[in-house]
>>> print(open('my_file21.txt').read())   # compact mmCIF, C-alpha atoms
# COMPACT_ATOMS: atom_id res chain seq x y z
CA MET Q 13 0.00 0.00 0.00
CA GLU Q 14 1.49 3.34 -1.05
CA ARG Q 15 0.93 6.61 0.75
CA ARG Q 16 -0.69 9.37 -1.28
CA TYR Q 17 -1.57 12.97 -0.51
CA PHE Q 18 -4.81 14.81 -1.23
CA TYR Q 19 -4.36 18.56 -1.30
CA ALA Q 20 -6.49 21.60 -0.64
CA ARG Q 21 -5.95 25.33 -1.01
CA THR Q 22 -7.01 26.93 2.27
CA VAL Q 23 -7.31 30.36 3.81
CA GLY Q 24 -6.94 31.13 7.52
CA ARG Q 25 -4.70 30.45 10.49
CA PRO Q 26 -2.69 27.22 10.10
CA GLN Q 27 -3.55 26.10 13.66
CA ASP Q 28 -7.30 26.59 13.02
CA ILE Q 29 -7.13 24.53 9.82
CA LEU Q 30 -5.20 21.77 11.60
CA GLN Q 31 -7.74 21.73 14.43
CA ARG Q 32 -10.62 21.19 11.99
CA ILE Q 33 -8.81 18.36 10.21
CA ILE Q 34 -7.76 16.61 13.42
CA ALA Q 35 -11.25 16.84 14.91
CA ILE Q 36 -12.83 15.29 11.80
CA VAL Q 37 -10.29 12.45 11.60
CA VAL Q 38 -10.44 11.68 15.33
CA ASN Q 39 -14.25 11.68 15.50
CA SER Q 40 -14.59 9.53 12.36
CA ASN Q 41 -12.17 6.90 13.69
CA THR Q 42 -10.19 6.93 10.42
CA ALA Q 43 -6.75 7.71 11.83
CA SER Q 44 -5.35 4.34 10.76
CA GLN Q 45 -6.00 5.36 7.13
CA ILE Q 46 -5.22 9.07 7.50
CA PRO Q 47 -1.97 9.05 9.49
CA LEU Q 48 -0.66 12.58 8.98
CA VAL Q 49 -1.17 16.11 7.72
CA LYS Q 50 1.45 18.41 6.20
CA LEU Q 51 1.40 22.14 5.58
CA GLU Q 52 2.94 24.17 2.80
CA ARG Q 53 6.28 25.67 3.77
CA LYS Q 54 5.89 29.02 5.61
CA ALA Q 55 2.13 28.56 5.70
CA GLN Q 56 0.20 31.73 6.47
CA GLY Q 57 -2.84 33.49 5.07
CA GLU Q 58 -3.52 31.36 1.99
CA PHE Q 59 -1.64 28.06 1.74
CA TYR Q 60 -1.82 24.39 0.75
CA VAL Q 61 -2.54 21.58 3.19
CA PHE Q 62 -1.73 17.95 2.31
CA LEU Q 63 -3.68 15.03 3.76
CA GLY Q 64 -1.66 11.82 3.91
CA VAL Q 65 -3.71 8.69 3.15
CA ASP Q 66 -2.83 4.98 3.38
CA SER Q 67 -5.55 3.28 1.34
CA ASP Q 68 -5.98 1.08 -1.72
CA GLU Q 69 -8.54 3.58 -3.01
CA SER Q 70 -6.48 6.29 -4.69
CA SER Q 71 -9.27 8.63 -5.81
CA ARG Q 72 -11.30 9.16 -2.62
CA ILE Q 73 -10.58 10.19 0.97
CA PRO Q 74 -11.43 7.26 3.31
CA GLY Q 75 -14.68 7.25 5.24
CA GLY Q 76 -16.40 9.52 2.76
CA LEU Q 77 -14.81 12.47 4.55
CA GLY Q 78 -14.35 14.61 1.44
CA GLN Q 79 -17.85 16.05 1.87
CA THR Q 80 -17.32 16.55 5.61
CA PHE Q 81 -14.15 18.53 4.99
CA ARG Q 82 -15.96 20.66 2.40
CA GLN Q 83 -18.64 21.51 4.96
CA VAL Q 84 -15.98 23.15 7.13
CA GLY Q 85 -14.41 24.99 4.21
CA ILE Q 86 -11.56 22.62 3.28
CA HIS Q 87 -11.97 21.47 -0.34
CA PHE Q 88 -9.60 18.57 -0.98
CA GLU Q 89 -9.16 17.67 -4.65
CA GLU Q 90 -10.51 14.13 -4.85
CA GLY Q 91 -9.90 12.09 -7.96
CA TYR Q 92 -6.22 12.96 -8.13
CA ALA Q 93 -3.69 12.27 -5.36
CA LEU Q 94 -0.02 13.22 -5.27
CA GLN Q 95 2.99 11.02 -4.67
CA PRO Q 96 5.29 11.83 -1.69
CA ALA Q 97 8.07 12.96 -4.04
CA GLN Q 98 5.73 15.52 -5.61
CA ILE Q 99 5.26 17.48 -2.39
CA THR Q 100 8.69 17.15 -0.75
CA SER Q 101 9.90 20.59 -1.80
CA MET Q 102 6.62 22.26 -0.80
CA VAL Q 103 6.03 21.19 2.79
CA GLN Q 104 7.29 22.10 6.21
CA ARG Q 105 9.34 19.69 8.26
CA GLN Q 106 6.70 19.71 11.01
CA ASN Q 107 4.12 16.96 10.77
CA ILE Q 108 0.87 16.48 12.62
CA LYS Q 109 0.75 12.72 13.05
CA ILE Q 110 -2.58 11.08 13.84
CA HIS Q 111 -1.94 7.41 13.10
CA GLY Q 112 -3.59 5.12 15.65
CA PHE Q 113 -4.33 8.22 17.77
CA ASN Q 114 -1.04 7.42 19.45
CA SER Q 115 1.39 9.80 17.81
CA LEU Q 116 -0.34 13.15 17.46
CA GLN Q 117 2.58 15.45 18.00
CA TYR Q 118 3.92 18.72 16.76
CA ARG Q 119 7.52 17.97 15.92
CA ARG Q 120 9.77 20.78 17.12
CA GLN Q 121 13.35 21.43 16.13
CA THR Q 122 14.23 22.72 19.61
CA TYR Q 123 13.67 21.30 23.08
CA GLU Q 124 11.50 23.21 25.54
CA ASP Q 125 11.83 22.61 29.28
CA PRO Q 126 8.35 21.57 30.45
CA GLY Q 127 8.92 23.14 33.87
CA ASP Q 128 7.48 21.81 37.09
CA PRO Q 129 4.48 19.57 36.26
CA PHE Q 130 3.16 20.08 39.79
CA ASP Q 131 2.76 23.81 39.23
CA GLN Q 132 -0.92 23.71 38.26
CA SER Q 133 -2.01 27.14 39.44
CA ASP Q 134 -4.98 28.27 37.38
CA ILE Q 135 -4.03 31.90 36.79
CA TRP Q 136 -6.53 32.35 33.96
CA GLN Q 137 -8.81 35.25 34.81
CA PRO Q 138 -12.37 33.88 35.05
CA GLN Q 139 -14.93 35.20 32.61
CA GLU Q 140 -17.67 33.57 30.57
CA ALA Q 141 -16.12 30.47 29.01
CA SER Q 142 -15.81 30.77 25.24
CA PRO Q 143 -17.83 28.10 23.35
CA LYS Q 144 -14.96 27.84 20.84
CA VAL Q 145 -12.39 27.11 23.55
CA CYS Q 146 -14.73 24.64 25.27
CA ALA Q 147 -15.12 22.82 21.94
CA ARG Q 148 -11.34 22.62 21.62
CA PHE Q 149 -11.16 21.10 25.11
CA GLU Q 150 -13.60 18.46 23.89
CA HIS Q 151 -11.31 17.68 20.93
CA LEU Q 152 -8.36 17.38 23.32
CA LEU Q 153 -10.35 15.00 25.53
CA HIS Q 154 -11.13 12.82 22.50
CA TRP Q 155 -7.44 12.65 21.64
CA LEU Q 156 -6.45 11.82 25.23
CA SER Q 157 -9.16 9.15 25.30
CA ALA Q 158 -7.84 7.52 22.16
CA ARG Q 159 -4.21 7.64 23.25
CA GLY Q 160 -4.93 6.31 26.75
CA GLU Q 161 -1.84 7.55 28.57
CA GLY Q 162 1.26 9.63 28.05
CA THR Q 163 3.64 12.26 29.34
CA TRP Q 164 2.84 15.76 30.49
CA ASP Q 165 4.84 17.11 27.56
CA ALA Q 166 2.82 15.06 25.05
CA LEU Q 167 -0.41 16.51 26.47
CA LYS Q 168 1.06 20.00 26.23
CA GLN Q 169 2.05 19.56 22.59
CA ALA Q 170 -1.34 18.09 21.64
CA GLY Q 171 -3.21 20.91 23.39
CA GLU Q 172 -1.12 23.54 21.62
CA THR Q 173 -1.73 21.85 18.27
CA LEU Q 174 -5.49 21.84 18.90
CA GLY Q 175 -5.47 25.49 20.00
CA VAL Q 176 -6.60 24.77 23.58
CA PHE Q 177 -3.70 26.72 25.09
CA ASN Q 178 -0.42 28.21 23.94
CA ASP Q 179 2.03 27.93 26.84
CA ARG Q 180 3.12 25.81 29.80
CA GLN Q 181 0.88 27.63 32.26
CA GLY Q 182 -2.18 27.01 30.10
CA ALA Q 183 -1.25 23.34 29.82
CA ARG Q 184 -0.99 22.98 33.60
CA SER Q 185 -4.35 24.70 34.10
CA ALA Q 186 -5.94 22.36 31.54
CA LEU Q 187 -4.39 19.35 33.27
CA ARG Q 188 -5.95 20.36 36.57
CA ARG Q 189 -9.40 20.95 35.09
CA LEU Q 190 -9.46 17.61 33.28
CA SER Q 191 -8.42 15.90 36.50
CA LEU Q 192 -11.06 17.75 38.55
CA LEU Q 193 -13.75 16.57 36.15
CA GLY Q 194 -12.67 12.94 36.51
CA HIS Q 195 -11.39 12.55 32.94
CA ILE Q 196 -7.72 11.86 33.69
CA ASP Q 197 -5.55 10.62 36.56
CA LEU Q 198 -2.03 11.80 37.32
CA SER Q 199 1.07 9.86 38.35
CA ASP Q 200 2.54 10.43 41.81
CA ASP Q 201 5.36 12.56 40.40
CA GLY Q 202 3.03 14.58 38.15
CA SER Q 203 4.94 13.72 34.97
CA ARG Q 204 2.42 11.34 33.38
CA TRP Q 205 -1.33 11.14 32.86
CA SER Q 206 -3.74 8.33 32.04
CA ILE Q 207 -7.34 8.48 30.85
CA SER Q 208 -9.93 7.36 33.39
CA PRO Q 209 -12.33 4.56 32.38
CA ALA Q 210 -15.62 5.73 30.88
CA SER Q 211 -18.21 5.87 33.64
CA LEU Q 212 -21.65 7.14 34.56
CA VAL Q 213 -21.29 9.37 37.63
CA ARG Q 214 -24.51 9.96 39.54
CA PHE Q 215 -25.46 13.19 41.30
CA PRO Q 216 -25.38 12.86 45.10
CA ASP Q 217 -28.55 14.98 45.42
CA GLY Q 218 -30.37 13.14 42.61
CA PRO Q 219 -28.92 9.66 42.02
CA GLU Q 220 -31.48 8.78 39.34
CA SER Q 221 -29.49 10.93 36.87
CA GLY Q 222 -25.86 11.64 36.17
CA PHE Q 223 -23.16 12.50 33.65
CA LEU Q 224 -20.33 10.83 31.76
CA ALA Q 225 -16.77 11.06 33.04
CA GLY Q 226 -13.50 9.58 31.85
CA GLN Q 227 -12.81 8.29 28.36
CA ARG Q 228 -14.83 10.01 25.64
CA THR Q 229 -14.76 9.60 21.86
CA GLY Q 230 -17.10 10.48 19.02
CA PRO Q 231 -18.18 6.85 18.40
CA LEU Q 232 -18.87 6.34 22.12
CA LEU Q 233 -21.12 9.41 22.29
CA ARG Q 234 -22.98 8.35 19.15
CA ASN Q 235 -23.55 4.86 20.53
CA VAL Q 236 -24.71 6.18 23.91
CA GLY Q 237 -27.06 8.57 22.09
CA GLU Q 238 -28.70 5.65 20.30
CA LEU Q 239 -29.61 4.09 23.65
CA TRP Q 240 -30.28 7.16 25.74
CA PRO Q 241 -31.13 10.87 25.32
CA VAL Q 242 -27.86 12.78 25.59
CA ASN Q 243 -27.67 16.46 26.53
CA GLU Q 244 -24.71 18.80 26.98
CA THR Q 245 -24.17 21.39 29.69
CA ARG Q 246 -21.41 23.83 28.83
CA GLN Q 247 -18.88 25.01 31.40
CA THR Q 248 -19.75 28.61 32.22
CA LEU Q 249 -16.70 30.13 33.91
CA TYR Q 250 -13.51 28.14 33.38
CA PRO Q 251 -13.14 26.65 29.87
CA GLY Q 252 -13.36 22.87 29.80
CA PRO Q 253 -15.16 20.03 28.01
CA PRO Q 254 -18.95 20.15 28.39
CA ARG Q 255 -20.82 17.89 30.79
CA ILE Q 256 -22.60 15.05 29.00
CA ASP Q 257 -25.88 14.51 30.86
CA LEU Q 258 -27.90 11.31 31.11
CA GLU Q 259 -31.35 11.78 32.63
CA SER Q 260 -33.36 9.28 34.67
CA VAL Q 261 -31.00 6.34 34.29
CA THR Q 262 -32.74 3.30 35.78
CA PRO Q 263 -30.79 0.16 36.71
CA GLN Q 264 -31.84 -1.33 33.37
CA GLY Q 265 -30.66 1.80 31.59
CA ALA Q 266 -27.30 1.53 33.32
CA GLU Q 267 -27.00 -2.07 32.13
CA ASP Q 268 -27.70 -0.92 28.58
CA VAL Q 269 -25.01 1.77 28.77
CA ALA Q 270 -22.62 -0.78 30.29
CA THR Q 271 -22.74 -2.78 27.08
CA LEU Q 272 -20.82 0.12 25.49
CA GLY Q 273 -18.06 -0.06 28.11
CA VAL Q 274 -19.48 2.64 30.41
CA SER Q 275 -19.60 1.51 34.04
CA ASP Q 276 -22.09 2.79 36.61
CA ALA Q 277 -19.83 4.51 39.17
CA GLY Q 278 -22.68 5.68 41.38
CA ALA Q 279 -22.34 8.84 43.49
CA THR Q 280 -18.56 9.08 43.09
CA SER Q 281 -18.28 12.34 45.03
CA THR Q 282 -19.87 10.78 48.12
CA ARG Q 283 -17.68 7.69 47.98
CA LEU Q 284 -14.53 9.72 47.35
CA THR Q 285 -15.35 12.06 50.24
CA HIS Q 286 -15.44 9.18 52.72
CA LEU Q 287 -12.22 7.65 51.35
CA LEU Q 288 -10.13 10.82 51.47
CA PRO Q 289 -7.65 11.17 54.37
CA ASP Q 290 -7.57 14.09 56.77
CA LEU Q 291 -5.20 16.98 56.05
CA ASP Q 292 -2.24 15.65 58.06
CA GLU Q 293 -2.47 12.22 56.42
CA TRP Q 294 -2.67 13.84 52.98
CA LYS Q 295 0.38 15.98 53.74
CA ASP Q 296 2.32 12.85 54.74
CA SER Q 297 1.44 11.29 51.37
CA LEU Q 298 3.12 14.07 49.36
CA GLN Q 299 6.38 13.44 47.56
CA PRO Q 300 9.43 14.75 49.49
CA VAL Q 301 12.41 16.33 47.73
CA LEU Q 302 15.40 14.56 49.22
CA ASN Q 303 18.78 16.13 49.96
CA LEU Q 304 17.72 19.56 48.76
CA SER Q 305 20.50 22.13 49.01
CA THR Q 306 19.02 25.62 49.07
CA GLY Q 307 22.32 27.30 48.21
CA GLY Q 308 21.88 26.93 44.44
CA TYR Q 309 18.47 28.62 44.33
CA ASP Q 310 16.91 32.04 44.56
CA ILE Q 311 14.12 31.58 47.09
CA GLU Q 312 10.77 33.37 47.25
CA LYS Q 313 8.00 32.88 49.79
CA TRP Q 314 4.27 33.04 49.09
CA HIS Q 315 2.89 35.89 51.16
CA GLY Q 316 0.01 38.30 50.69
CA GLY Q 317 -1.10 36.76 47.40
CA ASP Q 318 2.29 36.74 45.66
CA PHE Q 319 5.83 35.36 45.86
CA GLN Q 320 8.27 37.70 47.60
CA THR Q 321 12.04 37.49 47.86
CA CYS Q 322 13.10 35.57 50.97
CA ASP Q 323 16.58 35.28 52.48
CA THR Q 324 15.64 33.70 55.81
CA VAL Q 325 15.46 30.10 54.63
CA TYR Q 326 18.71 28.13 54.45
CA ASP Q 327 20.27 24.80 55.37
CA ARG Q 328 23.30 24.18 57.53
CA ASP Q 329 24.81 20.85 58.57
CA GLY Q 330 21.77 18.97 57.33
CA VAL Q 331 19.24 21.17 59.17
CA TYR Q 332 16.77 23.53 57.47
CA TYR Q 333 16.00 26.90 59.04
CA GLY Q 334 13.15 29.30 58.32
CA GLU Q 335 9.39 29.57 58.59
CA PRO Q 336 7.05 26.88 57.24
CA GLY Q 337 5.16 27.87 54.12
CA MET Q 338 5.03 27.68 50.32
CA TYR Q 339 8.21 28.66 48.49
CA ARG Q 340 9.38 29.01 44.90
CA LEU Q 341 12.97 27.96 44.27
CA SER Q 342 14.48 29.17 41.00
CA LEU Q 343 17.66 27.51 39.78
CA ASN Q 344 20.55 29.92 39.39
CA GLY Q 345 18.19 32.86 39.72
CA ASN Q 346 16.44 32.10 36.42
CA ARG Q 347 12.78 32.61 37.36
CA SER Q 348 11.67 32.30 33.74
CA GLY Q 349 13.27 28.85 33.46
CA ARG Q 350 13.37 25.79 35.71
CA SER Q 351 11.80 26.35 39.15
CA LEU Q 352 10.14 24.32 41.88
CA THR Q 353 7.17 25.25 44.03
CA LEU Q 354 7.48 23.44 47.38
CA PHE Q 355 6.05 23.43 50.89
CA PHE Q 356 8.59 23.66 53.71
CA ASP Q 357 7.47 21.48 56.62
CA LYS Q 358 9.81 22.80 59.30
CA GLN Q 359 8.73 20.46 62.06
CA ALA Q 360 9.34 17.34 59.95
CA GLN Q 361 12.40 18.89 58.24
CA ARG Q 362 11.24 18.18 54.70
CA TRP Q 363 10.37 19.89 51.42
CA LEU Q 364 7.17 18.58 49.81
CA ARG Q 365 5.91 18.61 46.23
CA GLY Q 366 2.24 18.64 45.37
CA ASP Q 367 -0.41 20.49 43.41
CA TRP Q 368 -0.07 24.26 43.63
CA TYR Q 369 -3.36 24.95 45.43
CA GLY Q 370 -2.69 22.10 47.85
CA LEU Q 371 0.65 23.63 48.86
CA ARG Q 372 -0.93 27.06 49.25
CA PHE Q 373 -3.64 25.50 51.43
CA LEU Q 374 -0.94 23.97 53.66
CA ALA Q 375 0.72 27.39 53.88
CA LEU Q 376 -2.54 28.98 55.04
CA GLU Q 377 -2.97 26.30 57.68
CA ALA Q 378 0.66 26.64 58.83
CA ARG Q 379 0.17 30.39 59.38
CA GLY Q 380 -2.90 29.72 61.48
CA ASN Q 381 -5.11 31.75 59.16
CA GLY Q 382 -8.76 30.86 59.41
CA VAL Q 383 -9.89 28.77 56.44
CA GLU Q 384 -13.64 28.87 55.91
CA ALA Q 385 -16.49 27.85 53.64
CA VAL Q 386 -20.20 28.60 53.45
CA HIS Q 387 -22.97 26.15 52.61
CA ASP Q 388 -26.06 27.77 51.11
CA SER Q 389 -28.85 25.26 51.72
CA SER Q 390 -31.39 27.16 49.59
CA ALA Q 391 -29.15 26.91 46.51
CA GLY Q 392 -27.51 23.62 47.46
CA GLU Q 393 -24.04 25.03 46.85
CA LEU Q 394 -20.76 25.33 48.70
CA LEU Q 395 -18.92 28.65 48.61
CA ILE Q 396 -15.13 28.82 49.08
CA PRO Q 397 -12.88 31.91 48.94
CA ALA Q 398 -10.84 31.79 45.72
CA SER Q 399 -7.77 32.63 47.81
CA GLN Q 400 -8.34 29.45 49.85
CA ARG Q 401 -8.95 26.96 47.04
CA TRP Q 402 -8.67 23.36 48.22
CA PRO Q 403 -6.10 20.68 47.28
CA LEU Q 404 -6.84 18.88 44.02
CA LEU Q 405 -8.18 15.62 45.49
CA TYR Q 406 -10.66 17.40 47.75
CA GLU Q 407 -11.79 19.87 45.09
CA ARG Q 408 -12.28 16.88 42.79
CA ALA Q 409 -14.85 15.50 45.23
CA LEU Q 410 -16.72 18.81 44.89
CA THR Q 411 -16.66 18.97 41.08
CA LEU Q 412 -17.70 15.32 40.72
CA ALA Q 413 -20.88 16.17 42.61
CA SER Q 414 -22.06 18.21 39.61
CA GLY Q 415 -19.67 17.48 36.72
CA LEU Q 416 -19.01 21.21 36.45
CA LEU Q 417 -16.00 23.37 37.17
CA PRO Q 418 -16.61 26.01 39.85
CA GLY Q 419 -18.50 29.19 39.11
CA ARG Q 420 -18.42 32.58 40.80
CA ALA Q 421 -20.68 33.51 43.69
CA THR Q 422 -22.43 36.87 43.98
CA ASN Q 423 -19.27 38.00 45.74
CA SER Q 424 -16.74 37.50 42.95
CA ASP Q 425 -13.99 36.69 45.46
CA TRP Q 426 -15.70 33.37 46.20
CA LEU Q 427 -15.99 30.20 44.10
CA SER Q 428 -19.32 28.39 43.90
CA TYR Q 429 -19.67 24.58 43.71
CA PRO Q 430 -23.23 23.46 42.87
CA ARG Q 431 -25.19 20.37 44.00
CA ILE Q 432 -23.26 19.88 47.26
CA PRO Q 433 -25.36 18.20 49.99
CA LEU Q 434 -24.81 19.51 53.51
CA ASP Q 435 -23.52 16.20 54.88
CA LEU Q 436 -20.90 16.01 52.12
CA ALA Q 437 -19.79 19.59 52.86
CA ARG Q 438 -19.53 18.85 56.59
CA THR Q 439 -17.41 15.75 56.01
CA LEU Q 440 -14.96 17.44 53.63
CA CYS Q 441 -14.60 20.55 55.79
CA GLY Q 442 -13.97 18.37 58.84
CA LYS Q 443 -11.13 16.56 57.08
CA LEU Q 444 -9.50 19.84 55.98
CA ASN Q 445 -9.98 21.72 59.27
CA VAL Q 446 -12.19 24.22 57.44
CA THR Q 447 -14.72 26.24 59.42
CA LEU Q 448 -18.11 25.64 57.77
CA LEU Q 449 -20.82 28.30 58.05
CA GLU Q 450 -24.31 27.00 57.33
CA GLU Q 451 -26.95 29.30 55.88
>>> encode(input="my_file21.txt", output="structure tokens")
Amino acid sequence: MERRYFYARTVGRPQDILQRIIAIVVNSNTASQIPLVKLERKAQGEFYVFLGVDSDESSRIPGGLGQTFRQVGIHFEEGYALQPAQITSMVQRQNIKIHGFNSLQYRRQTYEDPGDPFDQSDIWQPQEASPKVCARFEHLLHWLSARGEGTWDALKQAGETLGVFNDRQGARSALRRLSLLGHIDLSDDGSRWSISPASLVRFPDGPESGFLAGQRTGPLLRNVGELWPVNETRQTLYPGPPRIDLESVTPQGAEDVATLGVSDAGATSTRLTHLLPDLDEWKDSLQPVLNLSTGGYDIEKWHGGDFQTCDTVYDRDGVYYGEPGMYRLSLNGNRSGRSLTLFFDKQAQRWLRGDWYGLRFLALEARGNGVEAVHDSSAGELLIPASQRWPLLYERALTLASGLLPGRATNSDWLSYPRIPLDLARTLCGKLNVTLLEE
């Protein structure tokens, strides 16, 4: 079987064109026949795009996708395909590879330090989530679902290719949101991810209905839709993939969905809440940084909502001195390059790695600052100050109660988590030493 290339003259941003092509190929499950895409050299404005095809049929794009591409404004010339030698002088060295969903990658000529994968602070300024960006998150979730697992850097490159984000910080924010929603799990060292199994998660305040979490592909959604009415609820504040709702799922309905590989996970938020450790046990589970010498770093301490230069933390004869708290250590003073965000546990003489908000939460607790939350029984929501956002595992229990990322309360300094029963709020706040006000 010989590879051939169908070509199209396109107008627009190269990344937008690539996103459309990738989404169509991924959702049609034709990646084994359409393994790569190439762009004309120095593509910008108006340019050629070449669709690589491995198929015995030399005059048509597999899967009948020619018409689908035309509907999104990409008119590939069917009936005549080019040989690889005919396009060699025209194309860039970068390839978008789709084959088997396992090698989608933007090939770079230079290496980029991925930074600290634990630094997942979501610095994006909340506003109404763009439908376009949310749709791109959905495309990224489909790709992650098809690949199954991979490195943090692979996720970053795929997300940049799909236009979900354009830098390391955006990639870390996306990683946290996908984890909060139950779609992916992270390795202990934060360097790898894996897709969670497809599951039906039931609402704790209405267990007859629920939403899909974990692995998600176009064919899966189409098959579920043939058995059950499927609705989407878009994320409203932080961009992320939409919630896929399943209404009134009886035990028989759950058995029907299970035939497609979707398990009935029940009220996951309730079960997770009871399994989570208390704050001290969680802190003890964090990864320590062994034999850390502070002399090679510029050190900043988190204080008053920002990192500030700190010269009171040091080590001498194997003993660390200074106040407990969250610190940023920048190698050789290069704050734009490799850095680590760590929590200094003075009493236990250790430096701990963990998710950014989790370390900040420990810093608040170490300072003795009051950490609080409010449960609004009339709205069924839990309100948490944005400056006191919880560690990832505990916030995940909140988001899995509704399948939605947090919104903003009437007071914009507070985050709002919907569909949180009072008993669930009491249990989580008790484990985190949070003062709960009930209204």
>>> atom_distance(input="my_file21.txt", atom1="atom CA of Q:Asp66", atom2="atom CA of Q:Thr22")
22.4 Å
>>> atom_distance(input="my_file21.txt", atom1="atom CA of Q:Ala97", atom2="atom CA of Q:Ser71")
18.0 Å
>>> residues_around(input="my_file21.txt", residues="Q:Val269", least_positions_apart="3", cutoff="10 Å", atoms="only C-alpha atoms", output="list in words")
Ser211, Leu212, Asn235, Val236, Gly237, Leu239, Trp240, Val261, Pro263, Gln264, Gly265, Ala266, Leu272, Gly273, Val274, Ser275 and Asp276 of chain Q
>>> atom_distance(input="my_file21.txt", atom1="atom CA of Q:Gly64", atom2="atom CA of Q:Leu153")
23.5 Å
>>> residues_around(input="my_file21.txt", residues="Q:Leu444", least_positions_apart="3", cutoff="10 Å", atoms="only C-alpha atoms", output="MDAnalysis selection string")
chainID Q and resid 289:292 294 373:374 377 383:384 402:403 406 439:441 447
>>> closest_residue(input="my_file21.txt", among="Q:Gly334, Q:Pro430, Q:Gly85, Q:Gly415", to="Q:Ala225", atoms="all atoms listed in the file")
Q:Gly415
>>> closest_atom_pairs(input="my_file21.txt", of="stretch 169-266 of chain Q", to="stretch 158-162 of chain Q", cutoff="7 Å", atoms="all atoms listed in the file", output="JSON lines")
{"residue": "Q:Arg204", "atom": "CA", "partner": "Q:Gly162", "partner_atom": "CA", "distance": 5.7}
{"residue": "Q:Trp205", "atom": "CA", "partner": "Q:Glu161", "partner_atom": "CA", "distance": 5.6}
{"residue": "Q:Ser206", "atom": "CA", "partner": "Q:Glu161", "partner_atom": "CA", "distance": 4.0}
{"residue": "Q:Ile207", "atom": "CA", "partner": "Q:Gly160", "partner_atom": "CA", "distance": 5.2}
>>> write_last_selection(input="my_file21.txt", atoms="C-alpha atoms", output="short mmCIF file (atom, residue, chain, number, x, y, z; two decimals), in the coordinates of the input")
data_model
loop_
_atom_site.label_atom_id
_atom_site.label_comp_id
_atom_site.auth_asym_id
_atom_site.auth_seq_id
_atom_site.Cartn_x
_atom_site.Cartn_y
_atom_site.Cartn_z
CA ARG Q 204 2.42 11.34 33.38
CA TRP Q 205 -1.33 11.14 32.86
CA SER Q 206 -3.74 8.33 32.04
CA ILE Q 207 -7.34 8.48 30.85
#
>>> residues_around(input="my_file21.txt", residues="Q:Glu259", least_positions_apart="2", cutoff="12 Å", atoms="all atoms listed in the file", output="list of chain:residue names")
Q:Leu212, Q:Val213, Q:Arg214, Q:Phe215, Q:Gly218, Q:Pro219, Q:Glu220, Q:Ser221, Q:Gly222, Q:Phe223, Q:Leu224, Q:Gly237, Q:Leu239, Q:Trp240, Q:Pro241, Q:Val242, Q:Asn243, Q:Glu244, Q:Ile256, Q:Asp257, Q:Val261, Q:Thr262, Q:Gly265, Q:Ala266
>>> residues_around(input="my_file21.txt", residues="Q:Glu89", least_positions_apart="3", cutoff="7 Å", atoms="all atoms listed in the file", output="VMD selection string")
chain Q and resid 18 to 20 92
>>> closest_residue(input="my_file21.txt", among="Q:Ser389, Q:Thr248, Q:Thr271, Q:Thr321", to="Q:Arg420", atoms="all atoms listed in the file")
Q:Thr248
>>> closest_residue(input="my_file21.txt", among="Q:Gly78, Q:Pro433, Q:Gly278, Q:Pro418", to="Q:Leu192", atoms="only C-alpha atoms")
Q:Pro418
